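Reproduced below: start.txt, with compact mmCIF, C-alpha atoms and all ligand atoms.
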```txt
# COMPACT_ATOMS: atom_id res chain seq x y z
CA MET K 1 -64.56 -101.72 60.63
CA LEU K 2 -63.83 -102.00 64.34
CA LYS K 3 -63.15 -105.44 65.68
CA SER K 4 -63.89 -104.99 69.39
CA PRO K 5 -66.45 -107.53 70.60
CA PHE K 6 -68.66 -104.92 72.18
CA PHE K 7 -69.72 -103.62 68.78
CA ILE K 8 -71.38 -106.92 68.01
CA PRO K 9 -75.04 -106.67 68.98
CA SER K 10 -75.11 -109.81 71.08
CA LYS K 11 -77.52 -110.00 73.98
CA PHE K 12 -76.28 -109.69 77.51
CA VAL K 13 -74.98 -112.91 79.01
CA THR K 14 -72.96 -112.20 82.12
CA VAL K 15 -72.18 -108.92 83.78
CA GLN K 16 -69.72 -108.47 86.59
CA ALA K 17 -68.46 -104.90 86.89
CA THR K 18 -64.89 -105.77 87.80
CA MET K 19 -62.32 -103.03 88.01
CA ALA K 20 -59.39 -105.46 88.08
CA ASN K 21 -58.10 -104.61 84.60
CA LYS K 22 -58.20 -100.85 84.93
CA PRO K 23 -55.02 -98.92 84.11
CA GLN K 24 -52.98 -97.76 87.07
CA GLN K 25 -54.13 -94.15 87.18
CA ILE K 26 -57.57 -95.33 88.35
CA THR K 27 -57.48 -95.75 92.11
CA PRO K 28 -60.01 -97.59 94.30
CA ALA K 29 -60.91 -94.25 95.88
CA ASN K 30 -62.49 -93.12 92.62
CA LYS K 31 -66.16 -92.93 91.92
CA ARG K 32 -67.82 -95.81 90.15
CA VAL K 33 -70.25 -94.49 87.58
CA VAL K 34 -72.67 -96.48 85.43
CA VAL K 35 -73.60 -94.81 82.13
CA CYS K 36 -76.68 -96.24 80.42
CA GLY K 37 -77.12 -95.78 76.65
CA GLY K 38 -74.34 -96.11 74.06
CA GLY K 39 -75.31 -93.23 71.77
CA VAL K 40 -73.15 -90.14 71.35
CA ILE K 41 -74.39 -88.63 74.63
CA GLY K 42 -73.68 -91.71 76.74
CA VAL K 43 -70.33 -92.29 75.05
CA CYS K 44 -69.15 -88.67 75.44
CA THR K 45 -70.21 -88.79 79.09
CA ALA K 46 -68.36 -92.07 79.67
CA TYR K 47 -65.27 -90.67 77.92
CA PHE K 48 -65.02 -87.46 79.97
CA LEU K 49 -65.94 -89.20 83.24
CA SER K 50 -63.24 -91.82 82.75
CA LYS K 51 -60.73 -89.14 81.78
CA LYS K 52 -61.42 -87.54 85.14
CA GLY K 53 -60.60 -90.82 86.86
CA ALA K 54 -64.05 -92.33 87.37
CA ALA K 55 -64.35 -96.09 86.98
CA VAL K 56 -67.02 -96.26 84.29
CA THR K 57 -69.26 -99.06 83.06
CA LEU K 58 -71.20 -98.19 79.88
CA ILE K 59 -74.30 -100.29 79.19
CA GLU K 60 -75.90 -100.39 75.73
CA GLN K 61 -78.77 -102.65 74.71
CA SER K 62 -77.82 -103.05 71.03
CA SER K 63 -74.41 -101.85 69.81
CA ILE K 64 -72.49 -98.59 70.18
CA ALA K 65 -74.09 -95.86 68.00
CA ALA K 66 -76.81 -98.25 66.83
CA ALA K 67 -79.48 -95.53 66.69
CA ALA K 68 -79.48 -91.84 65.70
CA SER K 69 -75.87 -91.44 66.79
CA GLY K 70 -74.83 -93.80 64.00
CA LYS K 71 -77.27 -92.59 61.36
CA ALA K 72 -77.17 -88.80 61.78
CA GLY K 73 -75.59 -86.32 59.41
CA GLY K 74 -72.78 -85.26 61.72
CA PHE K 75 -73.04 -81.59 60.75
CA LEU K 76 -71.57 -79.16 63.33
CA ALA K 77 -72.16 -75.40 63.61
CA LEU K 78 -70.54 -72.89 65.95
CA ASP K 79 -73.20 -70.19 66.05
CA TRP K 80 -76.46 -71.55 64.63
CA CYS K 81 -77.96 -71.92 68.13
CA ASP K 82 -77.00 -68.35 69.13
CA GLY K 83 -79.76 -66.36 70.76
CA GLY K 84 -81.34 -69.48 72.29
CA PRO K 85 -80.82 -71.52 75.47
CA VAL K 86 -78.49 -73.99 73.73
CA SER K 87 -76.06 -71.32 72.49
CA SER K 88 -73.28 -71.75 75.08
CA LEU K 89 -73.54 -75.56 74.94
CA ALA K 90 -73.22 -75.49 71.14
CA ARG K 91 -70.30 -73.06 71.09
CA ALA K 92 -68.40 -75.03 73.75
CA SER K 93 -69.13 -78.26 71.92
CA PHE K 94 -68.06 -77.00 68.50
CA ASN K 95 -64.69 -76.06 70.01
CA LEU K 96 -64.44 -79.37 71.90
CA HIS K 97 -64.96 -81.25 68.62
CA ARG K 98 -61.95 -79.40 67.25
CA SER K 99 -59.75 -80.24 70.24
CA LEU K 100 -60.97 -83.85 70.29
CA ALA K 101 -59.98 -84.16 66.64
CA GLU K 102 -56.47 -82.96 67.58
CA GLU K 103 -56.36 -85.47 70.43
CA LEU K 104 -57.58 -88.31 68.18
CA ASN K 105 -54.97 -87.99 65.40
CA GLY K 106 -56.57 -85.10 63.54
CA GLY K 107 -59.98 -86.78 63.48
CA GLU K 108 -59.14 -88.36 60.11
CA SER K 109 -60.37 -91.79 61.16
CA TYR K 110 -63.87 -90.42 61.73
CA GLY K 111 -64.14 -87.86 58.95
CA TYR K 112 -63.76 -84.67 60.96
CA ARG K 113 -63.27 -81.62 58.75
CA PRO K 114 -64.27 -77.96 58.65
CA LEU K 115 -66.37 -77.22 55.55
CA ASN K 116 -68.34 -74.47 53.80
CA THR K 117 -72.12 -74.52 53.89
CA LEU K 118 -74.60 -73.26 51.32
CA SER K 119 -78.33 -72.78 51.27
CA LEU K 120 -80.02 -73.36 47.89
CA SER K 121 -83.49 -73.28 46.43
CA VAL K 122 -84.26 -76.21 44.10
CA THR K 123 -87.31 -76.57 41.86
CA GLU K 124 -87.84 -80.15 40.74
CA SER K 125 -88.98 -80.93 37.19
CA LYS K 126 -89.33 -84.16 35.21
CA ASN K 127 -86.23 -83.47 33.10
CA PRO K 128 -84.10 -81.15 35.16
CA PRO K 129 -81.94 -78.86 33.01
CA ARG K 130 -78.24 -79.56 33.57
CA GLY K 131 -75.49 -76.98 33.36
CA GLY K 132 -76.10 -73.23 33.15
CA ARG K 133 -75.23 -73.23 36.84
CA LYS K 134 -74.47 -70.15 38.89
CA SER K 135 -70.72 -69.54 39.02
CA THR K 136 -71.07 -69.23 42.79
CA VAL K 137 -71.88 -72.94 43.28
CA PRO K 138 -69.37 -75.81 42.92
CA GLY K 139 -69.43 -77.67 39.57
CA TRP K 140 -70.95 -80.92 40.89
CA ILE K 141 -74.17 -79.04 41.78
CA ASP K 142 -75.46 -79.09 38.19
CA GLY K 143 -79.23 -79.27 38.83
CA PRO K 144 -81.91 -76.53 38.77
CA VAL K 145 -80.68 -74.57 41.80
CA LYS K 146 -81.36 -70.92 42.59
CA SER K 147 -80.48 -68.33 45.22
CA PRO K 148 -77.22 -69.84 46.51
CA ARG K 149 -76.14 -68.28 49.79
CA THR K 150 -73.13 -69.03 51.99
CA ILE K 151 -74.48 -69.76 55.47
CA GLY K 152 -71.35 -71.27 57.01
CA THR K 153 -67.60 -71.15 56.45
CA THR K 154 -64.73 -73.38 57.52
CA GLU K 155 -64.51 -71.19 60.63
CA THR K 156 -68.12 -71.78 61.65
CA THR K 157 -69.19 -75.16 60.22
CA ALA K 158 -67.62 -78.63 60.28
CA GLN K 159 -68.62 -82.30 60.17
CA VAL K 160 -67.88 -85.74 61.54
CA HIS K 161 -69.02 -89.20 60.50
CA PRO K 162 -71.16 -89.71 63.62
CA GLN K 163 -70.93 -93.49 63.88
CA LEU K 164 -67.15 -93.49 63.40
CA PHE K 165 -66.79 -90.59 65.86
CA THR K 166 -68.84 -92.28 68.57
CA ARG K 167 -67.07 -95.61 68.14
CA LYS K 168 -63.62 -93.99 68.02
CA LEU K 169 -64.32 -92.21 71.29
CA VAL K 170 -65.48 -95.36 73.06
CA GLU K 171 -62.48 -97.26 71.69
CA LYS K 172 -60.18 -94.59 73.19
CA ALA K 173 -62.11 -94.59 76.49
CA VAL K 174 -61.73 -98.36 76.75
CA ALA K 175 -58.07 -98.47 75.74
CA ASP K 176 -56.75 -95.44 77.62
CA TYR K 177 -59.12 -94.89 80.54
CA GLY K 178 -60.41 -98.37 81.33
CA VAL K 179 -64.10 -97.93 80.50
CA GLU K 180 -65.93 -101.25 80.53
CA VAL K 181 -68.63 -101.76 77.91
CA VAL K 182 -71.51 -104.13 78.56
CA ILE K 183 -74.09 -105.10 75.93
CA GLY K 184 -77.46 -105.61 77.63
CA LYS K 185 -80.77 -103.90 78.20
CA VAL K 186 -81.07 -101.93 81.43
CA LYS K 187 -84.36 -103.04 82.97
CA SER K 188 -84.36 -100.78 86.03
CA VAL K 189 -82.23 -98.57 88.23
CA GLU K 190 -82.51 -98.25 92.00
CA THR K 191 -81.08 -95.51 94.17
CA GLY K 192 -80.61 -95.21 97.93
CA ASP K 193 -77.99 -94.83 100.69
CA GLY K 194 -75.71 -92.94 98.30
CA LYS K 195 -75.44 -95.94 95.97
CA ILE K 196 -77.12 -96.94 92.72
CA THR K 197 -77.84 -100.33 91.21
CA ALA K 198 -78.60 -101.07 87.56
CA LEU K 199 -80.45 -104.29 86.75
CA VAL K 200 -79.64 -105.69 83.33
CA GLU K 201 -81.84 -108.08 81.35
CA GLY K 202 -80.65 -111.62 82.00
CA GLY K 203 -80.05 -111.03 85.69
CA GLY K 204 -76.88 -108.94 85.78
CA VAL K 205 -76.54 -106.36 88.54
CA ILE K 206 -74.11 -103.45 88.27
CA GLY K 207 -73.54 -101.21 91.26
CA GLY K 208 -71.95 -97.78 91.55
CA ASP K 209 -71.93 -94.38 93.22
CA ALA K 210 -73.80 -92.63 90.41
CA VAL K 211 -75.72 -93.43 87.23
CA VAL K 212 -76.19 -91.34 84.07
CA LEU K 213 -79.22 -92.23 81.95
CA ALA K 214 -78.66 -91.34 78.28
CA PHE K 215 -81.43 -93.28 76.57
CA GLY K 216 -82.21 -90.76 73.78
CA PRO K 217 -85.74 -91.33 72.41
CA TRP K 218 -86.13 -94.36 74.70
CA THR K 219 -86.07 -92.12 77.82
CA SER K 220 -89.83 -92.11 78.36
CA LYS K 221 -90.00 -95.89 77.92
CA PHE K 222 -87.80 -96.30 81.00
CA ALA K 223 -90.09 -96.68 84.02
CA LEU K 224 -87.99 -94.59 86.41
CA LEU K 225 -88.15 -91.59 84.06
CA SER K 226 -91.49 -92.01 82.31
CA SER K 227 -93.49 -90.08 84.90
CA ILE K 228 -90.90 -87.29 85.18
CA ILE K 229 -89.51 -86.46 81.74
CA ARG K 230 -91.32 -86.67 78.43
CA VAL K 231 -88.97 -87.27 75.51
CA HIS K 232 -90.67 -88.21 72.27
CA GLY K 233 -89.00 -89.61 69.17
CA LEU K 234 -89.33 -87.93 65.78
CA LYS K 235 -88.53 -90.34 62.95
CA ALA K 236 -86.24 -89.06 60.17
CA HIS K 237 -84.78 -90.72 57.09
CA SER K 238 -81.46 -90.76 55.30
CA VAL K 239 -79.65 -92.36 52.39
CA VAL K 240 -75.91 -92.76 51.99
CA LEU K 241 -74.63 -92.69 48.41
CA GLU K 242 -71.27 -93.56 46.92
CA PRO K 243 -70.84 -91.45 43.78
CA ARG K 244 -68.66 -92.84 41.02
CA GLU K 245 -66.48 -89.73 40.97
CA ILE K 246 -66.15 -88.78 44.60
CA ASP K 247 -63.23 -86.48 43.78
CA ALA K 248 -65.62 -84.26 41.82
CA ILE K 249 -67.59 -83.54 45.00
CA SER K 250 -66.33 -80.58 47.01
CA ALA K 251 -66.54 -80.09 50.79
CA HIS K 252 -69.82 -78.17 50.85
CA ALA K 253 -72.79 -79.01 53.08
CA LEU K 254 -76.09 -78.08 51.39
CA PHE K 255 -79.31 -76.94 53.09
CA LEU K 256 -82.13 -77.02 50.55
CA SER K 257 -85.50 -75.45 50.10
CA TYR K 258 -86.84 -78.10 47.74
CA HIS K 259 -89.98 -77.52 45.66
CA PRO K 260 -91.37 -80.88 44.43
CA ALA K 261 -92.60 -81.17 40.82
CA HIS K 262 -96.09 -82.18 41.96
CA GLY K 263 -96.52 -79.04 44.06
CA GLY K 264 -97.11 -79.06 47.79
CA PRO K 265 -95.10 -77.34 50.47
CA PRO K 266 -91.33 -77.06 50.05
CA MET K 267 -89.21 -79.63 51.88
CA ASP K 268 -85.90 -78.97 53.63
CA PRO K 269 -83.54 -81.89 52.97
CA GLU K 270 -79.82 -81.66 53.67
CA ILE K 271 -76.84 -83.06 51.73
CA TYR K 272 -73.43 -83.67 53.32
CA PRO K 273 -70.52 -84.97 51.23
CA ARG K 274 -68.09 -86.77 53.56
CA PRO K 275 -64.32 -87.18 53.31
CA THR K 276 -64.92 -90.92 53.74
CA GLY K 277 -66.02 -91.19 50.06
CA GLU K 278 -69.77 -91.00 50.56
CA VAL K 279 -72.56 -88.44 50.37
CA TYR K 280 -75.23 -88.38 53.07
CA VAL K 281 -78.75 -87.08 52.33
CA CYS K 282 -81.41 -86.66 55.04
CA GLY K 283 -84.89 -85.30 55.66
CA MET K 284 -88.49 -86.60 55.62
CA SER K 285 -89.46 -86.57 59.29
CA MET K 286 -92.69 -87.99 60.72
CA GLU K 287 -94.30 -88.88 64.06
CA GLU K 288 -94.17 -92.62 64.75
CA GLU K 289 -93.92 -94.91 67.80
CA VAL K 290 -90.31 -95.71 68.75
CA PRO K 291 -89.79 -99.52 68.63
CA ASP K 292 -88.15 -101.16 71.66
CA ASP K 293 -84.94 -102.06 69.86
CA PRO K 294 -83.01 -99.77 67.45
CA GLU K 295 -82.48 -102.78 65.16
CA GLN K 296 -86.25 -102.82 64.52
CA ILE K 297 -86.37 -99.31 62.99
CA GLU K 298 -87.34 -99.59 59.32
CA PRO K 299 -87.26 -96.70 56.84
CA ASN K 300 -90.44 -95.77 55.01
CA PRO K 301 -89.87 -96.68 51.29
CA ASP K 302 -91.62 -93.52 50.00
CA SER K 303 -89.38 -91.30 52.10
CA ILE K 304 -86.29 -93.07 50.79
CA ARG K 305 -87.51 -92.64 47.19
CA VAL K 306 -87.98 -88.91 47.73
CA LEU K 307 -84.48 -88.48 49.20
CA LYS K 308 -82.92 -90.30 46.24
CA ARG K 309 -84.89 -88.05 43.86
CA VAL K 310 -83.70 -84.96 45.72
CA ALA K 311 -80.08 -86.13 45.42
CA GLY K 312 -80.37 -86.88 41.69
CA THR K 313 -82.08 -83.54 41.01
CA VAL K 314 -79.39 -81.51 42.77
CA SER K 315 -76.47 -83.31 41.12
CA SER K 316 -76.04 -85.77 38.26
CA HIS K 317 -73.21 -87.27 40.36
CA LEU K 318 -75.82 -88.39 42.90
CA GLY K 319 -78.28 -89.92 40.44
CA ASP K 320 -78.78 -93.48 39.27
CA GLU K 321 -75.08 -94.11 38.73
CA SER K 322 -74.17 -93.71 42.35
CA ARG K 323 -74.18 -96.80 44.59
CA VAL K 324 -76.69 -96.80 47.44
CA LYS K 325 -74.74 -97.72 50.56
CA ALA K 326 -77.54 -97.31 53.11
CA GLU K 327 -81.27 -96.56 53.31
CA GLN K 328 -82.14 -95.91 56.95
CA ALA K 329 -84.23 -94.16 59.56
CA CYS K 330 -83.78 -93.18 63.19
CA PHE K 331 -85.40 -91.08 65.90
CA LEU K 332 -84.51 -87.61 67.16
CA PRO K 333 -84.92 -87.35 70.96
CA CYS K 334 -87.19 -84.30 71.48
CA THR K 335 -88.47 -82.60 74.64
CA ASP K 336 -91.69 -80.57 74.76
CA ASP K 337 -89.77 -77.31 75.27
CA SER K 338 -87.07 -78.22 72.69
CA ILE K 339 -84.31 -77.88 75.32
CA PRO K 340 -82.08 -80.83 76.30
CA VAL K 341 -82.38 -82.27 79.82
CA ILE K 342 -79.00 -82.49 81.55
CA GLY K 343 -78.61 -82.83 85.31
CA GLU K 344 -79.40 -84.68 88.50
CA ILE K 345 -83.01 -85.76 88.96
CA PRO K 346 -84.55 -83.97 91.96
CA GLY K 347 -85.08 -86.35 94.85
CA MET K 348 -82.87 -89.08 93.35
CA LYS K 349 -79.36 -88.52 94.61
CA GLY K 350 -76.70 -89.87 92.27
CA CYS K 351 -79.15 -90.37 89.39
CA TYR K 352 -78.48 -88.11 86.40
CA VAL K 353 -80.09 -87.75 82.99
CA ALA K 354 -78.68 -86.44 79.69
CA THR K 355 -80.98 -86.44 76.67
CA GLY K 356 -83.36 -84.43 74.47
CA HIS K 357 -80.75 -83.03 72.06
CA SER K 358 -83.11 -83.20 69.09
CA CYS K 359 -81.30 -82.38 65.81
CA TRP K 360 -78.07 -81.23 67.51
CA GLY K 361 -76.93 -84.25 69.54
CA ILE K 362 -73.78 -84.92 67.52
CA LEU K 363 -72.76 -81.28 67.82
CA ASN K 364 -73.62 -81.05 71.53
CA GLY K 365 -72.38 -84.48 72.64
CA PRO K 366 -68.86 -83.43 73.74
CA ALA K 367 -69.89 -80.43 75.87
CA THR K 368 -72.78 -82.42 77.36
CA GLY K 369 -70.38 -85.23 78.27
CA ALA K 370 -67.73 -82.87 79.65
CA ALA K 371 -70.29 -80.90 81.70
CA MET K 372 -71.90 -84.08 83.00
CA ALA K 373 -68.49 -85.43 84.04
CA GLU K 374 -67.82 -82.26 86.04
CA LEU K 375 -71.28 -82.38 87.60
CA VAL K 376 -70.95 -86.01 88.68
CA MET K 377 -67.35 -85.74 89.91
CA GLU K 378 -67.28 -82.21 91.35
CA GLY K 379 -70.91 -81.28 91.85
CA TYR K 380 -70.95 -78.37 89.38
CA SER K 381 -70.08 -77.61 85.77
CA THR K 382 -67.68 -74.88 84.66
CA ILE K 383 -67.85 -75.67 80.94
CA VAL K 384 -71.47 -74.58 80.54
CA ASP K 385 -74.13 -73.32 82.90
CA LEU K 386 -76.39 -76.34 83.20
CA GLY K 387 -79.18 -74.30 84.85
CA PRO K 388 -81.37 -74.02 81.70
CA PHE K 389 -81.14 -77.79 81.17
CA SER K 390 -82.12 -78.89 84.68
CA PRO K 391 -84.60 -81.78 84.95
CA ALA K 392 -86.14 -79.81 87.85
CA ARG K 393 -88.18 -77.89 85.28
CA PHE K 394 -90.32 -80.99 84.69
CA VAL K 395 -90.93 -81.84 88.32
CA GLY K 396 -94.42 -80.98 89.51
CA ARG K 397 -95.79 -80.74 85.96
CA SER K 398 -98.56 -83.12 85.10
C1 LIG K 401 -81.71 -88.04 60.23
C2 LIG K 401 -80.97 -87.38 61.36
C3 LIG K 401 -79.91 -86.52 61.09
C4 LIG K 401 -79.23 -85.88 62.13
N1 LIG K 401 -78.19 -85.04 61.83
C5 LIG K 401 -77.53 -84.43 62.84
C6 LIG K 401 -76.44 -83.56 62.54
O1 LIG K 401 -76.09 -83.38 61.37
N2 LIG K 401 -75.82 -82.93 63.57
C7 LIG K 401 -76.20 -83.10 64.88
O2 LIG K 401 -75.61 -82.50 65.77
N3 LIG K 401 -77.21 -83.97 65.19
C8 LIG K 401 -77.88 -84.61 64.21
N4 LIG K 401 -78.93 -85.43 64.49
C9 LIG K 401 -79.34 -85.59 65.91
C10 LIG K 401 -78.51 -86.63 66.65
O3 LIG K 401 -78.40 -87.78 65.86
C11 LIG K 401 -79.18 -86.98 67.98
O4 LIG K 401 -79.48 -85.81 68.71
C12 LIG K 401 -78.20 -87.83 68.83
O5 LIG K 401 -77.71 -88.91 68.09
C13 LIG K 401 -78.88 -88.33 70.09
O6 LIG K 401 -77.96 -89.10 70.80
P1 LIG K 401 -78.38 -89.93 72.08
O7 LIG K 401 -77.15 -90.57 72.58
O8 LIG K 401 -79.15 -89.04 72.99
O9 LIG K 401 -79.46 -90.98 71.54
P2 LIG K 401 -79.31 -92.30 70.65
O10 LIG K 401 -78.29 -92.16 69.60
O11 LIG K 401 -80.69 -92.64 70.24
O12 LIG K 401 -78.75 -93.36 71.69
C14 LIG K 401 -79.52 -93.85 72.76
C15 LIG K 401 -79.02 -95.26 73.04
O13 LIG K 401 -79.63 -95.75 74.22
C16 LIG K 401 -79.81 -97.14 74.04
N5 LIG K 401 -80.83 -97.61 74.97
C17 LIG K 401 -82.11 -97.23 75.03
N6 LIG K 401 -82.76 -97.87 76.03
C18 LIG K 401 -81.84 -98.68 76.61
C19 LIG K 401 -81.88 -99.59 77.72
N7 LIG K 401 -83.01 -99.79 78.45
N8 LIG K 401 -80.74 -100.24 78.05
C20 LIG K 401 -79.60 -100.05 77.35
N9 LIG K 401 -79.49 -99.20 76.31
C21 LIG K 401 -80.60 -98.52 75.95
C22 LIG K 401 -80.25 -97.26 72.59
O14 LIG K 401 -80.08 -98.58 72.10
C23 LIG K 401 -79.36 -96.22 71.91
O15 LIG K 401 -78.18 -96.79 71.39
C24 LIG K 401 -79.62 -86.10 63.48
C25 LIG K 401 -80.65 -87.00 63.75
C26 LIG K 401 -81.34 -87.63 62.71
C27 LIG K 401 -82.46 -88.55 63.05
```
Represent the structure from my file as structure tokens, please.
Amino acid sequence: MLKSPFFIPSKFVTVQATMANKPQQITPANKRVVVCGGGVIGVCTAYFLSKKGAAVTLIEQSSIAAAASGKAGGFLALDWCDGGPVSSLARASFNLHRSLAEELNGGESYGYRPLNTLSLSVTESKNPPRGGRKSTVPGWIDGPVKSPRTIGTTETTAQVHPQLFTRKLVEKAVADYGVEVVIGKVKSVETGDGKITALVEGGGVIGGDAVVLAFGPWTSKFALLSSIIRVHGLKAHSVVLEPREIDAISAHALFLSYHPAHGGPPMDPEIYPRPTGEVYVCGMSMEEEVPDDPEQIEPNPDSIRVLKRVAGTVSSHLGDESRVKAEQACFLPCTDDSIPVIGEIPGMKGCYVATGHSCWGILNGPATGAAMAELVMEGYSTIVDLGPFSPARFVGRS
């Protein structure tokens, strides 16, 4: 557990963006950038901006990785977005995750590892037969599974523990590159004369040369953006289990086509064993209003029950004998065209947005942050072509 005070969700008291304690490599000539939103997108952006020499203040209303970025699966894939507009972002980001893991002591502290990935069909029954498994699936998968197929290898799929990853990155950004973290709700942002000002609840004012808004599913609740960009939240559930015999569980991510005993359409839950001694199970999405504060997000008890049943059906190791570490829900940030929004807002110089990553925000965080850092500091991105992600595509639409 990290001890830094900024992980404690205390409300904003005083904010003075002082650069006095910055390490020496940061000079007064550098840009001052305010990054709003402490999810994986805001944190990756703050990290890469500060690495480039920007003096960065990161503002988060709750705690770092309090929302989806702390409750996601953390599954990463090199080529699963190929053929679509997110392909180059995903490929660049998959590789950046690998190099970040090298930079951050092998990524061990946040559960980075390449892993194999299987798809399976599962038909639920009241008393699932155990054993008689296909020799092609690992021994711990002892439930009624069919049609196993390898859909990812250690070359093409990997994972992180998303909360530990996001917090590790911010810890490094603070310690090595002088990022300042402020806990407080951003009420409004003003732009003009080449400067920006962020107003924080409680009266704090933070000024800078540029601002990056990374509010995830809260984007459309922010007045400045609500008439320009529509990002809606899709609620999804997860449980985190601690099996008694974690050593029996191999490094295989599972993508299921799950046929419930009572009939109905198949569901598509996912199961990710983690090297941190836990197994993460997610699925069960639904439309619901995003509450103002991530701390107010409550899981739906029926959805949690289903996910536990899925886990116990797939493996006896994940049944009643495993300890339930977390039952939780969070919101995917989704755009109407399913493409993230990354770039400067037309007509608002120095005001940038980075959001809408839907189910791939943990994967695409690093390349989004690195590209955004280039855009803010140099005016263009070499890491990925940000053209397809431009907020300009929303301007003029009703
Ligand atoms: C169940 C589930 C499983 C997932 N699994 C994966 C996976 O395996 N792989 C993958 O790549 N992606 C996965 N995702 C998607 C991923 O979690 C998201 O795309 C990503 O976390 C979005 O990050 P974000 O920073 O945009 O938003 P968030 O994590 O939602 O962060 C936004 C932050 O902004 C803050 N904020 C909002 N308004 C304000 C304000 N006014 N002032 C200050 N702060 C504010 C919020 O408190 C929040 O902390 C999953 C998502 C879900 C729901």
Next item on the list: Kindly compile the residues surrounding ligand LIG 401 (chain K) within 6 Å, counting all atoms listed in the file, and format them as a PyMOL selection string.
Entry: chain K and resi 36-42+59-62+65-69+72-76+184-187+214-218+236-238+282+294+330-332+355+357-363
Next item on the list: Name the residues, using the chain letters and numbers of the file, that sit within 10 Å of (-89.6, -92.0, 70.2) when counting all atoms listed in the file, and give them as a count of residues only.
Entry: 23
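Distances from K:Lys51, K:Arg113, K:Arg149, K:His262 to Val170 in chain K were compared using all atoms listed in the file, and the smallest one belongs to K:Lys51.
Every polymer residue reaching to within 10 Å of (-81.7, -92.4, 99.9), counting all atoms listed in the file, appears in this list: Glu190, Thr191, Gly192, Asp193, Gly194, Lys195, Ile196, Gly347, Met348, Lys349 and Gly350 of chain K.
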May I have the residues from that selection written out with C-alpha atoms, as a PDB file, in the frame of the given file?
```
ATOM      1  CA  GLU K 190     -82.510 -98.250  92.000  1.00  0.00           C
ATOM      2  CA  THR K 191     -81.080 -95.510  94.170  1.00  0.00           C
ATOM      3  CA  GLY K 192     -80.610 -95.210  97.930  1.00  0.00           C
ATOM      4  CA  ASP K 193     -77.990 -94.830 100.690  1.00  0.00           C
ATOM      5  CA  GLY K 194     -75.710 -92.940  98.300  1.00  0.00           C
ATOM      6  CA  LYS K 195     -75.440 -95.940  95.970  1.00  0.00           C
ATOM      7  CA  ILE K 196     -77.120 -96.940  92.720  1.00  0.00           C
ATOM      8  CA  GLY K 347     -85.080 -86.350  94.850  1.00  0.00           C
ATOM      9  CA  MET K 348     -82.870 -89.080  93.350  1.00  0.00           C
ATOM     10  CA  LYS K 349     -79.360 -88.520  94.610  1.00  0.00           C
ATOM     11  CA  GLY K 350     -76.700 -89.870  92.270  1.00  0.00           C
TER      12      GLY K 350
END
```
Next item on the list: Give the answer as one residue: which of K:Arg309, K:Val35, K:Val56, K:Phe48 has the shortest atom-to-atom distance to Ala371 in chain K, using only C-alpha atoms?
Entry: K:Phe48
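Take CA of Pro260 in chain K and CA of Ser125 in chain K: the distance between them is 7.6 Å.
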Notebook entry, point to check: Leaving out Gly343 in chain K and any residue of its chain fewer than 5 positions from it, which residues lie within 9 Å of it when counting all atoms listed in the file, given as a VMD selection string?
Noted result: chain K and resid 212 351 to 354 372 375 to 376 386 to 387 389 to 392
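The coordinates place CA of Gly369 in chain K at 12.5 Å from CA of Val341 in chain K.
The interatomic distance for the pair CA of Glu321 in chain K and CA of Ser109 in chain K works out to 26.9 Å.
Nearest-residue note for Glu245 in chain K: choosing from K:Ile141, K:Ser322, K:Ser227, K:Ser188, the minimum distance belongs to K:Ser322, counting all atoms listed in the file.
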Notebook entry, point to check: Skipping near chain neighbours, those fewer than 2 positions away, what residues fall within 7 Å of Ala77 in chain K using only C-alpha atoms, listed as a list in words?
Noted result: Phe75, Asp79, Trp80, Phe94, Thr156, Thr157 and Ala158 of chain K
Residues as selected, C-alpha atoms, written as an mmCIF file, in the coordinates of the input, can you do that?
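Contents of again_35.cif, as written:
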```cif
data_model
loop_
_atom_site.group_PDB
_atom_site.id
_atom_site.type_symbol
_atom_site.label_atom_id
_atom_site.label_comp_id
_atom_site.auth_asym_id
_atom_site.auth_seq_id
_atom_site.Cartn_x
_atom_site.Cartn_y
_atom_site.Cartn_z
ATOM 1 C CA PHE K 75 -73.040 -81.590 60.750
ATOM 2 C CA ASP K 79 -73.200 -70.190 66.050
ATOM 3 C CA TRP K 80 -76.460 -71.550 64.630
ATOM 4 C CA PHE K 94 -68.060 -77.000 68.500
ATOM 5 C CA THR K 156 -68.120 -71.780 61.650
ATOM 6 C CA THR K 157 -69.190 -75.160 60.220
ATOM 7 C CA ALA K 158 -67.620 -78.630 60.280
#
```
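Nearest to Val240 in chain K of all the residues K:Ser257, K:Ser87, K:Thr276, K:Thr335 is K:Thr276, based on only C-alpha atoms.
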Note to self: Calculated over all atoms listed in the file, which of the candidates K:Ser121, K:Ser285, K:Thr153, K:Ser381 has the smallest distance to Ser303 in chain K?
What the structure shows: K:Ser285
Margin query: Taking 6 positions as the minimum chain separation for residues in the same chain, which residues sit within 8 Å of Gly208 in chain K when counting all atoms listed in the file? Answer as a list in words.
Written below: Lys31, Arg32, Val33, Val34, Lys195, Ile196 and Thr197 of chain K
Notebook entry, point to check: For Met286 in chain K, which residue among K:Ala90, K:Ala329, K:Ile206, K:Ile229 is the nearest when counting only C-alpha atoms?
Noted result: K:Ala329
Next item on the list: Name the residues in contact with Ala173 in chain K at a cut-off of 7 Å, using only C-alpha atoms, excluding same-chain residues fewer than 6 positions from it; report them as a list in words.
Entry: Tyr47, Ser50 and Val179 of chain K
Centre and edge lengths, as AutoDock Vina command-line options, for the axis-aligned box enclosing every listed atom of range 362-377 of chain K with 5 Å of padding on each of the six sides, in Å to one decimal?
```
--center_x -70.6 --center_y -83.2 --center_z 78.7 --size_x 16.4 --size_y 15.6 --size_z 32.4
```
